[in-house]
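Below is coords31.pdb, which holds PDB, C-alpha atoms and all ligand atoms.
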ATOM      1  CA  MET A   1      62.075  27.599  -3.627
ATOM      2  CA  LYS A   2      64.242  29.029  -0.836
ATOM      3  CA  VAL A   3      67.783  28.411  -2.092
ATOM      4  CA  ALA A   4      71.029  28.903  -0.171
ATOM      5  CA  ILE A   5      74.349  29.211  -1.999
ATOM      6  CA  VAL A   6      77.083  28.299   0.473
ATOM      7  CA  GLY A   7      80.310  29.772  -0.887
ATOM      8  CA  ALA A   8      78.438  32.439  -2.843
ATOM      9  CA  THR A   9      81.489  34.710  -3.225
ATOM     10  CA  GLY A  10      83.798  31.994  -4.610
ATOM     11  CA  MET A  11      84.332  31.221  -8.302
ATOM     12  CA  VAL A  12      81.911  28.263  -8.394
ATOM     13  CA  GLY A  13      79.399  30.064  -6.180
ATOM     14  CA  GLN A  14      79.372  33.027  -8.546
ATOM     15  CA  VAL A  15      78.767  30.710 -11.518
ATOM     16  CA  MET A  16      75.987  28.954  -9.592
ATOM     17  CA  LEU A  17      74.215  32.328  -9.209
ATOM     18  CA  GLN A  18      74.700  32.949 -12.933
ATOM     19  CA  VAL A  19      73.409  29.509 -13.964
ATOM     20  CA  LEU A  20      70.366  29.693 -11.654
ATOM     21  CA  GLN A  21      69.412  32.967 -13.353
ATOM     22  CA  GLU A  22      70.160  31.749 -16.886
ATOM     23  CA  ARG A  23      68.041  28.620 -16.388
ATOM     24  CA  GLN A  24      65.332  30.580 -14.546
ATOM     25  CA  PHE A  25      65.400  28.171 -11.618
ATOM     26  CA  PRO A  26      62.333  29.121  -9.480
ATOM     27  CA  VAL A  27      64.093  30.832  -6.585
ATOM     28  CA  SER A  28      61.622  32.643  -4.322
ATOM     29  CA  THR A  29      64.309  33.572  -1.786
ATOM     30  CA  LEU A  30      68.059  33.530  -2.369
ATOM     31  CA  ILE A  31      70.326  33.125   0.666
ATOM     32  CA  PRO A  32      73.952  33.900  -0.299
ATOM     33  CA  VAL A  33      76.276  32.426   2.346
ATOM     34  CA  ALA A  34      79.972  33.077   2.888
ATOM     35  CA  SER A  35      82.573  33.348   5.646
ATOM     36  CA  GLU A  36      82.357  36.039   8.304
ATOM     37  CA  LYS A  37      84.680  38.368   6.374
ATOM     38  CA  SER A  38      82.130  38.531   3.537
ATOM     39  CA  VAL A  39      78.987  38.890   5.673
ATOM     40  CA  GLY A  40      77.112  42.045   4.699
ATOM     41  CA  LYS A  41      78.482  42.125   1.155
ATOM     42  CA  GLU A  42      75.793  42.180  -1.511
ATOM     43  CA  VAL A  43      75.222  39.897  -4.507
ATOM     44  CA  LEU A  44      72.841  40.711  -7.352
ATOM     45  CA  PHE A  45      70.298  38.019  -8.188
ATOM     46  CA  ASN A  46      67.456  38.419 -10.659
ATOM     47  CA  GLY A  47      67.954  42.182 -10.487
ATOM     48  CA  LYS A  48      67.698  42.276  -6.696
ATOM     49  CA  SER A  49      70.491  42.908  -4.209
ATOM     50  CA  CYS A  50      70.870  40.146  -1.607
ATOM     51  CA  LYS A  51      73.013  40.464   1.502
ATOM     52  CA  VAL A  52      75.556  37.756   2.267
ATOM     53  CA  VAL A  53      74.905  35.997   5.575
ATOM     54  CA  ASN A  54      76.823  33.466   7.650
ATOM     55  CA  LEU A  55      76.000  29.766   8.005
ATOM     56  CA  GLU A  56      74.134  30.121  11.290
ATOM     57  CA  THR A  57      71.781  32.698   9.777
ATOM     58  CA  ALA A  58      71.239  30.587   6.655
ATOM     59  CA  LEU A  59      70.498  27.485   8.731
ATOM     60  CA  ALA A  60      67.839  29.391  10.674
ATOM     61  CA  GLU A  61      66.218  30.374   7.363
ATOM     62  CA  LYS A  62      65.569  26.650   6.651
ATOM     63  CA  PRO A  63      66.209  26.733   2.893
ATOM     64  CA  ASP A  64      64.574  24.063   0.725
ATOM     65  CA  ILE A  65      67.860  23.494  -1.134
ATOM     66  CA  ALA A  66      71.443  24.422  -0.271
ATOM     67  CA  LEU A  67      74.084  24.381  -2.999
ATOM     68  CA  PHE A  68      77.486  24.053  -1.330
ATOM     69  CA  SER A  69      80.845  25.054  -2.769
ATOM     70  CA  ALA A  70      82.787  26.012   0.342
ATOM     71  CA  GLY A  71      85.352  23.269   0.829
ATOM     72  CA  GLY A  72      85.252  19.878   2.457
ATOM     73  CA  GLU A  73      85.554  20.979   6.087
ATOM     74  CA  THR A  74      82.526  23.282   5.853
ATOM     75  CA  SER A  75      80.520  20.584   4.063
ATOM     76  CA  LYS A  76      81.451  17.879   6.572
ATOM     77  CA  LEU A  77      80.359  20.101   9.474
ATOM     78  CA  TRP A  78      77.357  21.945   8.031
ATOM     79  CA  ALA A  79      75.703  19.717   5.409
ATOM     80  CA  PRO A  80      74.327  17.370   8.101
ATOM     81  CA  LYS A  81      72.973  20.363  10.055
ATOM     82  CA  PHE A  82      71.054  21.630   7.025
ATOM     83  CA  ALA A  83      69.897  18.108   6.132
ATOM     84  CA  ALA A  84      68.625  17.577   9.686
ATOM     85  CA  ARG A  85      66.436  20.667   9.205
ATOM     86  CA  GLY A  86      64.955  19.173   6.019
ATOM     87  CA  THR A  87      67.157  21.051   3.535
ATOM     88  CA  THR A  88      68.408  19.082   0.521
ATOM     89  CA  VAL A  89      72.143  19.727   0.192
ATOM     90  CA  ILE A  90      73.979  19.376  -3.125
ATOM     91  CA  ASP A  91      77.674  19.530  -2.293
ATOM     92  CA  ASN A  92      80.546  20.323  -4.644
ATOM     93  CA  SER A  93      83.340  19.312  -2.265
ATOM     94  CA  SER A  94      84.911  15.856  -2.091
ATOM     95  CA  ALA A  95      83.669  15.421   1.515
ATOM     96  CA  TRP A  96      80.719  13.133   0.764
ATOM     97  CA  ARG A  97      81.501  11.707  -2.706
ATOM     98  CA  MET A  98      82.818   8.332  -1.541
ATOM     99  CA  ASP A  99      80.375   7.971   1.370
ATOM    100  CA  GLN A 100      78.424   4.758   0.763
ATOM    101  CA  ALA A 101      75.172   6.432   1.850
ATOM    102  CA  VAL A 102      75.600   9.446  -0.437
ATOM    103  CA  LYS A 103      74.768   9.423  -4.147
ATOM    104  CA  LEU A 104      77.310  10.828  -6.609
ATOM    105  CA  ILE A 105      75.270  12.295  -9.435
ATOM    106  CA  VAL A 106      75.718  13.299 -13.051
ATOM    107  CA  PRO A 107      72.042  13.801 -13.989
ATOM    108  CA  GLU A 108      72.341  12.469 -17.547
ATOM    109  CA  ILE A 109      73.800   9.212 -16.164
ATOM    110  CA  ASN A 110      72.264   8.384 -12.783
ATOM    111  CA  ALA A 111      69.749  10.987 -11.581
ATOM    112  CA  HIS A 112      67.183   8.161 -11.567
ATOM    113  CA  LEU A 113      68.824   6.907  -8.361
ATOM    114  CA  LEU A 114      67.678   9.987  -6.414
ATOM    115  CA  THR A 115      64.868   9.809  -3.864
ATOM    116  CA  ALA A 116      63.223  12.313  -1.512
ATOM    117  CA  GLN A 117      65.246  10.699   1.279
ATOM    118  CA  ASP A 118      68.546  11.873  -0.272
ATOM    119  CA  LYS A 119      69.250  14.938   1.824
ATOM    120  CA  ILE A 120      72.969  15.149   1.032
ATOM    121  CA  ILE A 121      73.847  14.645  -2.645
ATOM    122  CA  ALA A 122      77.429  14.796  -3.917
ATOM    123  CA  ASN A 123      78.421  16.624  -7.078
ATOM    124  CA  PRO A 124      81.405  14.794  -8.661
ATOM    125  CA  ASN A 125      84.790  16.365  -9.300
ATOM    126  CA  CYS A 126      84.872  18.520 -12.451
ATOM    127  CA  SER A 127      87.454  16.372 -14.246
ATOM    128  CA  THR A 128      85.355  13.272 -13.483
ATOM    129  CA  ILE A 129      82.047  14.723 -14.727
ATOM    130  CA  GLN A 130      83.298  15.569 -18.212
ATOM    131  CA  MET A 131      84.962  12.167 -18.608
ATOM    132  CA  VAL A 132      82.112   9.952 -17.359
ATOM    133  CA  LEU A 133      79.510  11.805 -19.418
ATOM    134  CA  VAL A 134      81.373  10.548 -22.502
ATOM    135  CA  LEU A 135      82.305   7.140 -21.081
ATOM    136  CA  ALA A 136      78.837   6.157 -19.798
ATOM    137  CA  PRO A 137      77.165   5.387 -23.164
ATOM    138  CA  LEU A 138      80.325   3.702 -24.423
ATOM    139  CA  HIS A 139      80.507   1.528 -21.308
ATOM    140  CA  HIS A 140      76.863   0.495 -21.611
ATOM    141  CA  LYS A 141      77.366  -0.588 -25.245
ATOM    142  CA  TYR A 142      80.947  -1.914 -25.367
ATOM    143  CA  ARG A 143      81.873  -2.493 -21.673
ATOM    144  CA  ILE A 144      84.983  -0.609 -20.616
ATOM    145  CA  LYS A 145      87.915  -2.654 -19.284
ATOM    146  CA  ARG A 146      90.435   0.141 -18.685
ATOM    147  CA  VAL A 147      90.779   3.917 -18.897
ATOM    148  CA  VAL A 148      94.059   5.841 -19.045
ATOM    149  CA  VAL A 149      93.497   9.590 -18.677
ATOM    150  CA  SER A 150      95.827  12.583 -18.634
ATOM    151  CA  THR A 151      94.265  15.898 -17.723
ATOM    152  CA  TYR A 152      95.273  19.458 -18.632
ATOM    153  CA  GLN A 153      93.437  21.484 -16.031
ATOM    154  CA  SER A 154      92.431  25.144 -15.904
ATOM    155  CA  ILE A 155      93.703  27.318 -13.079
ATOM    156  CA  THR A 156      90.089  28.253 -12.332
ATOM    157  CA  GLY A 157      89.791  24.794 -10.768
ATOM    158  CA  THR A 158      92.086  26.033  -8.019
ATOM    159  CA  GLY A 159      90.287  29.323  -7.527
ATOM    160  CA  LEU A 160      90.769  33.085  -7.469
ATOM    161  CA  LYS A 161      94.256  32.913  -5.903
ATOM    162  CA  ALA A 162      95.546  30.860  -8.843
ATOM    163  CA  VAL A 163      94.010  33.211 -11.382
ATOM    164  CA  GLN A 164      95.699  36.104  -9.582
ATOM    165  CA  GLN A 165      99.048  34.226  -9.536
ATOM    166  CA  LEU A 166      98.987  33.736 -13.317
ATOM    167  CA  GLU A 167      97.977  37.351 -13.937
ATOM    168  CA  ASN A 168     100.796  38.555 -11.675
ATOM    169  CA  GLU A 169     103.373  36.292 -13.353
ATOM    170  CA  MET A 170     102.306  37.442 -16.809
ATOM    171  CA  ALA A 171     102.657  41.048 -15.626
ATOM    172  CA  GLY A 172     106.005  40.333 -14.007
ATOM    173  CA  ILE A 173     104.617  41.003 -10.531
ATOM    174  CA  GLN A 174     105.647  38.904  -7.495
ATOM    175  CA  GLY A 175     102.497  38.042  -5.489
ATOM    176  CA  ALA A 176     100.792  35.343  -3.432
ATOM    177  CA  MET A 177     101.337  31.803  -4.758
ATOM    178  CA  ALA A 178      98.507  29.293  -5.161
ATOM    179  CA  TYR A 179     101.022  26.743  -6.455
ATOM    180  CA  PRO A 180     104.502  25.693  -5.304
ATOM    181  CA  TYR A 181     105.958  26.933  -8.602
ATOM    182  CA  PRO A 182     105.211  29.521 -11.285
ATOM    183  CA  ILE A 183     102.312  28.484 -13.507
ATOM    184  CA  HIS A 184     103.075  30.942 -16.344
ATOM    185  CA  LYS A 185     104.864  29.084 -19.229
ATOM    186  CA  ASN A 186     104.735  25.970 -17.063
ATOM    187  CA  ALA A 187     102.836  22.698 -16.501
ATOM    188  CA  LEU A 188     102.493  21.324 -12.963
ATOM    189  CA  PRO A 189     101.886  17.539 -12.569
ATOM    190  CA  HIS A 190     100.396  18.336  -9.188
ATOM    191  CA  CYS A 191      96.634  18.906  -8.737
ATOM    192  CA  ASP A 192      95.598  18.741  -5.064
ATOM    193  CA  VAL A 193      97.791  16.842  -2.558
ATOM    194  CA  PHE A 194      99.832  13.659  -2.995
ATOM    195  CA  GLU A 195      98.571  10.408  -1.466
ATOM    196  CA  ASP A 196     100.754   7.569  -0.113
ATOM    197  CA  ASN A 197     100.548   5.711  -3.446
ATOM    198  CA  GLY A 198     102.269   8.547  -5.300
ATOM    199  CA  TYR A 199      99.087   9.752  -6.979
ATOM    200  CA  THR A 200      97.392  13.064  -6.211
ATOM    201  CA  LYS A 201      93.901  13.260  -4.726
ATOM    202  CA  GLU A 202      92.765  14.691  -8.070
ATOM    203  CA  GLU A 203      94.031  11.594  -9.882
ATOM    204  CA  MET A 204      92.445   9.224  -7.385
ATOM    205  CA  LYS A 205      89.125  11.107  -7.682
ATOM    206  CA  LEU A 206      89.114  10.191 -11.372
ATOM    207  CA  VAL A 207      89.659   6.543 -10.418
ATOM    208  CA  ARG A 208      87.235   6.209  -7.515
ATOM    209  CA  GLU A 209      84.435   8.497  -8.726
ATOM    210  CA  THR A 210      84.340   6.956 -12.202
ATOM    211  CA  GLN A 211      83.824   3.489 -10.738
ATOM    212  CA  LYS A 212      81.084   4.787  -8.381
ATOM    213  CA  ILE A 213      79.168   6.776 -11.006
ATOM    214  CA  LEU A 214      79.325   3.975 -13.608
ATOM    215  CA  ASN A 215      78.560   1.524 -10.799
ATOM    216  CA  ASP A 216      81.304  -0.855 -11.883
ATOM    217  CA  ALA A 217      84.357  -1.447  -9.681
ATOM    218  CA  SER A 218      85.835  -3.669 -12.403
ATOM    219  CA  ILE A 219      86.660  -0.649 -14.577
ATOM    220  CA  ALA A 220      90.411  -0.086 -14.256
ATOM    221  CA  VAL A 221      91.320   3.611 -14.286
ATOM    222  CA  THR A 222      94.702   5.297 -14.050
ATOM    223  CA  ALA A 223      95.231   9.051 -14.218
ATOM    224  CA  THR A 224      97.784  11.846 -14.406
ATOM    225  CA  ALA A 225      96.413  15.290 -13.563
ATOM    226  CA  VAL A 226      98.323  18.335 -14.781
ATOM    227  CA  ARG A 227      97.706  22.040 -14.178
ATOM    228  CA  ILE A 228      98.318  24.334 -17.135
ATOM    229  CA  PRO A 229      98.068  28.112 -17.531
ATOM    230  CA  THR A 230      94.647  28.221 -19.156
ATOM    231  CA  SER A 231      91.326  29.402 -17.739
ATOM    232  CA  GLY A 232      88.577  28.217 -20.082
ATOM    233  CA  GLY A 233      88.181  24.652 -18.928
ATOM    234  CA  HIS A 234      89.725  21.257 -18.371
ATOM    235  CA  SER A 235      91.037  19.136 -21.251
ATOM    236  CA  GLU A 236      91.582  15.376 -21.074
ATOM    237  CA  SER A 237      93.390  12.871 -23.241
ATOM    238  CA  VAL A 238      91.501   9.611 -22.691
ATOM    239  CA  ASN A 239      92.492   6.123 -23.831
ATOM    240  CA  VAL A 240      89.773   3.475 -23.428
ATOM    241  CA  ALA A 241      90.041  -0.305 -23.823
ATOM    242  CA  PHE A 242      86.737  -2.134 -24.281
ATOM    243  CA  GLU A 243      85.688  -5.761 -23.837
ATOM    244  CA  ASN A 244      84.046  -5.617 -27.263
ATOM    245  CA  ASP A 245      85.073  -4.203 -30.630
ATOM    246  CA  PHE A 246      83.408  -1.175 -32.205
ATOM    247  CA  THR A 247      83.390   0.920 -35.352
ATOM    248  CA  LEU A 248      84.397   4.564 -35.152
ATOM    249  CA  THR A 249      81.216   5.420 -37.055
ATOM    250  CA  ASP A 250      79.098   3.807 -34.336
ATOM    251  CA  ILE A 251      81.138   5.454 -31.572
ATOM    252  CA  ARG A 252      80.673   8.895 -33.120
ATOM    253  CA  GLN A 253      76.950   8.287 -33.724
ATOM    254  CA  LEU A 254      76.455   7.124 -30.134
ATOM    255  CA  LEU A 255      78.204  10.222 -28.760
ATOM    256  CA  LYS A 256      76.242  12.487 -31.109
ATOM    257  CA  GLU A 257      73.066  11.061 -29.551
ATOM    258  CA  THR A 258      74.321  11.490 -25.955
ATOM    259  CA  GLU A 259      72.620  14.259 -23.979
ATOM    260  CA  GLY A 260      75.085  16.921 -22.870
ATOM    261  CA  VAL A 261      77.849  15.829 -25.273
ATOM    262  CA  ILE A 262      78.838  17.679 -28.466
ATOM    263  CA  LEU A 263      81.070  16.039 -31.067
ATOM    264  CA  GLN A 264      83.788  18.328 -32.457
ATOM    265  CA  ASP A 265      85.725  15.887 -34.592
ATOM    266  CA  ASN A 266      86.844  16.773 -38.107
ATOM    267  CA  THR A 267      90.609  17.043 -38.532
ATOM    268  CA  ASP A 268      90.148  17.877 -42.242
ATOM    269  CA  VAL A 269      89.099  21.338 -41.110
ATOM    270  CA  ASN A 270      91.005  21.467 -37.801
ATOM    271  CA  THR A 271      87.856  20.908 -35.760
ATOM    272  CA  TYR A 272      88.473  19.576 -32.251
ATOM    273  CA  PRO A 273      87.560  20.673 -28.681
ATOM    274  CA  MET A 274      89.498  23.505 -27.017
ATOM    275  CA  PRO A 275      89.080  25.375 -23.695
ATOM    276  CA  ILE A 276      88.826  28.743 -25.461
ATOM    277  CA  TYR A 277      85.742  27.354 -27.221
ATOM    278  CA  ALA A 278      84.232  25.427 -24.293
ATOM    279  CA  GLN A 279      84.451  28.353 -21.846
ATOM    280  CA  GLY A 280      81.035  29.608 -20.785
ATOM    281  CA  LYS A 281      79.210  26.646 -22.328
ATOM    282  CA  ASP A 282      77.506  23.728 -20.535
ATOM    283  CA  ALA A 283      78.240  20.949 -22.998
ATOM    284  CA  VAL A 284      81.092  18.456 -22.836
ATOM    285  CA  PHE A 285      83.011  18.519 -26.105
ATOM    286  CA  VAL A 286      84.685  15.404 -27.539
ATOM    287  CA  GLY A 287      86.938  14.966 -30.558
ATOM    288  CA  ARG A 288      90.195  13.477 -31.891
ATOM    289  CA  ILE A 289      88.404  10.119 -31.743
ATOM    290  CA  ARG A 290      90.688   7.498 -33.268
ATOM    291  CA  ARG A 291      91.553   3.852 -32.825
ATOM    292  CA  ASP A 292      94.434   3.035 -30.511
ATOM    293  CA  GLU A 293      96.409   1.118 -33.137
ATOM    294  CA  SER A 294      98.638  -0.398 -30.461
ATOM    295  CA  GLN A 295      95.860  -2.358 -28.772
ATOM    296  CA  ALA A 296      92.683  -4.250 -29.794
ATOM    297  CA  ASN A 297      89.222  -2.809 -29.014
ATOM    298  CA  SER A 298      90.764   0.496 -27.861
ATOM    299  CA  LEU A 299      90.468   4.151 -28.802
ATOM    300  CA  ASN A 300      91.807   7.608 -27.948
ATOM    301  CA  MET A 301      89.774  10.790 -27.585
ATOM    302  CA  TRP A 302      90.081  14.369 -26.382
ATOM    303  CA  ILE A 303      87.434  15.720 -23.983
ATOM    304  CA  VAL A 304      87.029  19.382 -23.005
ATOM    305  CA  ALA A 305      84.524  21.181 -20.763
ATOM    306  CA  ASP A 306      84.195  24.372 -18.750
ATOM    307  CA  ASN A 307      85.118  23.080 -15.287
ATOM    308  CA  LEU A 308      83.172  25.857 -13.531
ATOM    309  CA  ARG A 309      79.971  25.107 -15.476
ATOM    310  CA  LYS A 310      79.275  21.449 -16.355
ATOM    311  CA  GLY A 311      82.189  20.567 -14.103
ATOM    312  CA  ALA A 312      80.545  22.206 -11.095
ATOM    313  CA  ALA A 313      77.766  24.833 -11.100
ATOM    314  CA  THR A 314      75.631  23.619 -14.015
ATOM    315  CA  ASN A 315      75.773  19.965 -12.936
ATOM    316  CA  THR A 316      74.717  21.071  -9.439
ATOM    317  CA  VAL A 317      71.788  23.125 -10.745
ATOM    318  CA  GLN A 318      70.765  20.278 -13.062
ATOM    319  CA  ILE A 319      70.560  17.986 -10.028
ATOM    320  CA  ALA A 320      68.334  20.584  -8.309
ATOM    321  CA  GLU A 321      66.164  20.809 -11.452
ATOM    322  CA  TYR A 322      65.764  17.022 -11.475
ATOM    323  CA  LEU A 323      64.749  17.009  -7.792
ATOM    324  CA  LEU A 324      62.178  19.741  -8.425
ATOM    325  CA  LYS A 325      60.814  18.174 -11.621
ATOM    326  CA  ASN A 326      60.318  14.839  -9.860
ATOM    327  CA  THR A 327      58.901  16.396  -6.656
ATOM    328  CA  LEU A 328      61.814  15.086  -4.603
ATOM    329  CA  VAL A 329      62.170  18.438  -2.817
TER
HETATM  330  C1  LIG A 401      90.725  21.343  -9.600
HETATM  331  N1  LIG A 401      89.065  19.594  -9.833
HETATM  332  O1  LIG A 401      90.626  21.529 -10.816
HETATM  333  C2  LIG A 401      89.779  20.417  -8.863
HETATM  334  C3  LIG A 401      88.866  21.148  -7.951
HETATM  335  N2  LIG A 401      88.049  22.066  -8.606
HETATM  336  O2  LIG A 401      91.583  21.887  -8.889
END
Encoded form using structure tokens:
Amino acid sequence: MKVAIVGATGMVGQVMLQVLQERQFPVSTLIPVASEKSVGKEVLFNGKSCKVVNLETALAEKPDIALFSAGGETSKLWAPKFAARGTTVIDNSSAWRMDQAVKLIVPEINAHLLTAQDKIIANPNCSTIQMVLVLAPLHHKYRIKRVVVSTYQSITGTGLKAVQQLENEMAGIQGAMAYPYPIHKNALPHCDVFEDNGYTKEEMKLVRETQKILNDASIAVTATAVRIPTSGGHSESVNVAFENDFTLTDIRQLLKETEGVILQDNTDVNTYPMPIYAQGKDAVFVGRIRRDESQANSLNMWIVADNLRKGAATNTVQIAEYLLKNTLV
């Protein structure tokens, strides 16, 4: 397969290269793509050095698949150009996620929707992926009425500039700011930009994408997204109210049997998910599962995942693997 990585020098692009190699995705030709200032740089892939090219050059190469992580503007402009040439685009930006004609895919939940005609496929937001992977089996068995989620998000979700800001602040160095305030020893209730309703785009992604992926607009979702000075992954405190009652034993058993989910839930021995454990892994970790004693048919849980892996690069590569396995590319 001729595979283009658009945004190859960014944090997600770098993890995409790593995951493609780890999973031995059959890449015959790798086309690393980045902005003009990075053209000519080299990336190592499967032991070979590959030169970074610009979008025009990559388009002319007619890749079979293009994995995008280069921001919404680039995706809006270039994904259709690649698709028109027959390339299947899997895009990590928010540009296409809510487009009615574009499928929003977490392979373990809804890859079956994909067809060979899907030439632009949207990868959901990282904080959505880890939450819906846990919610999907619970929704199918107990029907979710409402979700209240608070996130504690890694600075790697913002990118290299944020990582540099935290490192500078910890070293006492004044440098470029990715955030409006210091992130060291702080928590910012501000992920992405604010919308007219007082929520951030990040919070509304959790609302809108969850309903689209679970294919149920009746699921009520409300979210608060917070940035914290950690780098291993996103954590989420999730409260779920169901139509039907449940036993915690059945909930835990169902999650144990869910592909891509690992239960870490034994407070007797201080076992629960944490970013320092999830970092570098592809699973979504869930724990602290307990009844919400203030409301019938409701529970609380804590969900953690590496936002650069299952939250972005790995989910993207898994979509590509599904397409290949089912001869849809
Ligand atoms: C963030 N989910 O964490 C967003 C984009 N990666 O900033």
Subject >> Test item: the PyMOL selection byres (((not hetatm)) within 7 of (chain A and resi 401)) resolved as JSON, numbers by chain >> reply: {"A": [125, 126, 127, 153, 154, 155, 156, 157, 158, 191, 192, 202]}
Could the residues in this selection be written to a file with C-alpha atoms, as an mmCIF file, in the coordinates of the input?
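Result file is out31.cif:
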data_model
loop_
_atom_site.group_PDB
_atom_site.id
_atom_site.type_symbol
_atom_site.label_atom_id
_atom_site.label_comp_id
_atom_site.auth_asym_id
_atom_site.auth_seq_id
_atom_site.Cartn_x
_atom_site.Cartn_y
_atom_site.Cartn_z
ATOM 1 C CA ASN A 125 84.790 16.365 -9.300
ATOM 2 C CA CYS A 126 84.872 18.520 -12.451
ATOM 3 C CA SER A 127 87.454 16.372 -14.246
ATOM 4 C CA GLN A 153 93.437 21.484 -16.031
ATOM 5 C CA SER A 154 92.431 25.144 -15.904
ATOM 6 C CA ILE A 155 93.703 27.318 -13.079
ATOM 7 C CA THR A 156 90.089 28.253 -12.332
ATOM 8 C CA GLY A 157 89.791 24.794 -10.768
ATOM 9 C CA THR A 158 92.086 26.033 -8.019
ATOM 10 C CA CYS A 191 96.634 18.906 -8.737
ATOM 11 C CA ASP A 192 95.598 18.741 -5.064
ATOM 12 C CA GLU A 202 92.765 14.691 -8.070
#
Subject >> Picked residues, the PyMOL selection byres (((chain A and resi 10) around 12) and not hetatm), expected as an MDAnalysis selection string >> reply: chainID A and resid 5:9 11:17 32:35 38 43 68:71 156:161 308 313
Evaluate the PyMOL selection byres (((chain A and resi 133-150) around 7) and not hetatm) on the structure here and hand back the selected residues as a PDB file with C-alpha atoms, keeping the file's coordinate frame.
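Okay, this is what ended up in part_15.pdb:
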ATOM      1  CA  ILE A 109      73.800   9.212 -16.164  1.00  0.00           C
ATOM      2  CA  ILE A 129      82.047  14.723 -14.727  1.00  0.00           C
ATOM      3  CA  GLN A 130      83.298  15.569 -18.212  1.00  0.00           C
ATOM      4  CA  MET A 131      84.962  12.167 -18.608  1.00  0.00           C
ATOM      5  CA  VAL A 132      82.112   9.952 -17.359  1.00  0.00           C
ATOM      6  CA  THR A 151      94.265  15.898 -17.723  1.00  0.00           C
ATOM      7  CA  TYR A 152      95.273  19.458 -18.632  1.00  0.00           C
ATOM      8  CA  LEU A 214      79.325   3.975 -13.608  1.00  0.00           C
ATOM      9  CA  ILE A 219      86.660  -0.649 -14.577  1.00  0.00           C
ATOM     10  CA  ALA A 220      90.411  -0.086 -14.256  1.00  0.00           C
ATOM     11  CA  VAL A 221      91.320   3.611 -14.286  1.00  0.00           C
ATOM     12  CA  THR A 222      94.702   5.297 -14.050  1.00  0.00           C
ATOM     13  CA  ALA A 223      95.231   9.051 -14.218  1.00  0.00           C
ATOM     14  CA  THR A 224      97.784  11.846 -14.406  1.00  0.00           C
ATOM     15  CA  ALA A 225      96.413  15.290 -13.563  1.00  0.00           C
ATOM     16  CA  GLU A 236      91.582  15.376 -21.074  1.00  0.00           C
ATOM     17  CA  SER A 237      93.390  12.871 -23.241  1.00  0.00           C
ATOM     18  CA  VAL A 238      91.501   9.611 -22.691  1.00  0.00           C
ATOM     19  CA  ASN A 239      92.492   6.123 -23.831  1.00  0.00           C
ATOM     20  CA  VAL A 240      89.773   3.475 -23.428  1.00  0.00           C
ATOM     21  CA  ALA A 241      90.041  -0.305 -23.823  1.00  0.00           C
ATOM     22  CA  PHE A 242      86.737  -2.134 -24.281  1.00  0.00           C
ATOM     23  CA  GLU A 243      85.688  -5.761 -23.837  1.00  0.00           C
ATOM     24  CA  ASN A 244      84.046  -5.617 -27.263  1.00  0.00           C
ATOM     25  CA  VAL A 261      77.849  15.829 -25.273  1.00  0.00           C
TER      26      VAL A 261
END
Original post:
What separation in Å, quoted to one decimal, exists between atom CA of A:Ile213 and atom CA of A:Ala116?
Top reply: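 Calculated distance between atom CA of A:Ile213 and atom CA of A:Ala116 is 19.4 Å.
Proximity of A:His234, A:Lys256, A:Arg288, A:Lys62 to A:Arg309, computed with all atoms listed in the file, is greatest for A:His234.
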**OP:** Skip stretch 89-102 of chain A itself and residues of its chain fewer than 3 positions away, then list as a list in words all residues within 6 Å of it, counting all atoms listed in the file.
**Re:** Ile65, Ala66, Leu67, Phe68, Ser69, Gly71, Gly72, Lys119, Ile120, Ile121, Ala122 and Asn123 of chain A
**OP:** Name all residues at most 12 Å from A:Leu248 (count all atoms listed in the file; drop same-chain ones fewer than 5 positions away) and give them as a list in words.
**Re:**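 Using all atoms listed in the file, the neighbours found are Leu138, Gln253, Leu254, Leu255, Asp265, Gly287, Arg288, Ile289, Arg290, Arg291, Asp292, Asn297, Ser298, Leu299, Asn300 and Met301 of chain A.
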Residue subset to file, keeping C-alpha atoms, as a PDB file, in the frame of the given file:
ATOM      1  CA  LEU A 138      80.325   3.702 -24.423  1.00  0.00           C
ATOM      2  CA  GLN A 253      76.950   8.287 -33.724  1.00  0.00           C
ATOM      3  CA  LEU A 254      76.455   7.124 -30.134  1.00  0.00           C
ATOM      4  CA  LEU A 255      78.204  10.222 -28.760  1.00  0.00           C
ATOM      5  CA  ASP A 265      85.725  15.887 -34.592  1.00  0.00           C
ATOM      6  CA  GLY A 287      86.938  14.966 -30.558  1.00  0.00           C
ATOM      7  CA  ARG A 288      90.195  13.477 -31.891  1.00  0.00           C
ATOM      8  CA  ILE A 289      88.404  10.119 -31.743  1.00  0.00           C
ATOM      9  CA  ARG A 290      90.688   7.498 -33.268  1.00  0.00           C
ATOM     10  CA  ARG A 291      91.553   3.852 -32.825  1.00  0.00           C
ATOM     11  CA  ASP A 292      94.434   3.035 -30.511  1.00  0.00           C
ATOM     12  CA  ASN A 297      89.222  -2.809 -29.014  1.00  0.00           C
ATOM     13  CA  SER A 298      90.764   0.496 -27.861  1.00  0.00           C
ATOM     14  CA  LEU A 299      90.468   4.151 -28.802  1.00  0.00           C
ATOM     15  CA  ASN A 300      91.807   7.608 -27.948  1.00  0.00           C
ATOM     16  CA  MET A 301      89.774  10.790 -27.585  1.00  0.00           C
TER      17      MET A 301
END
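Distances here use all atoms listed in the file; by that measure, the residue among A:Ala162, A:Val19, A:Leu188, A:Ala58 closest to A:Asp282 is A:Val19.
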Original post:
What does the distance from atom CA of A:Gln117 to atom CA of A:Thr88 come to in Å, to one decimal?
Top reply: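 Computed distance, atom CA of A:Gln117 to atom CA of A:Thr88, equals 9.0 Å.
Considering the residues A:Asn54, A:Gln211, A:Thr258, A:Asn326 and counting all atoms listed in the file, A:Leu113 has its shortest atom-to-atom contact with A:Asn326.
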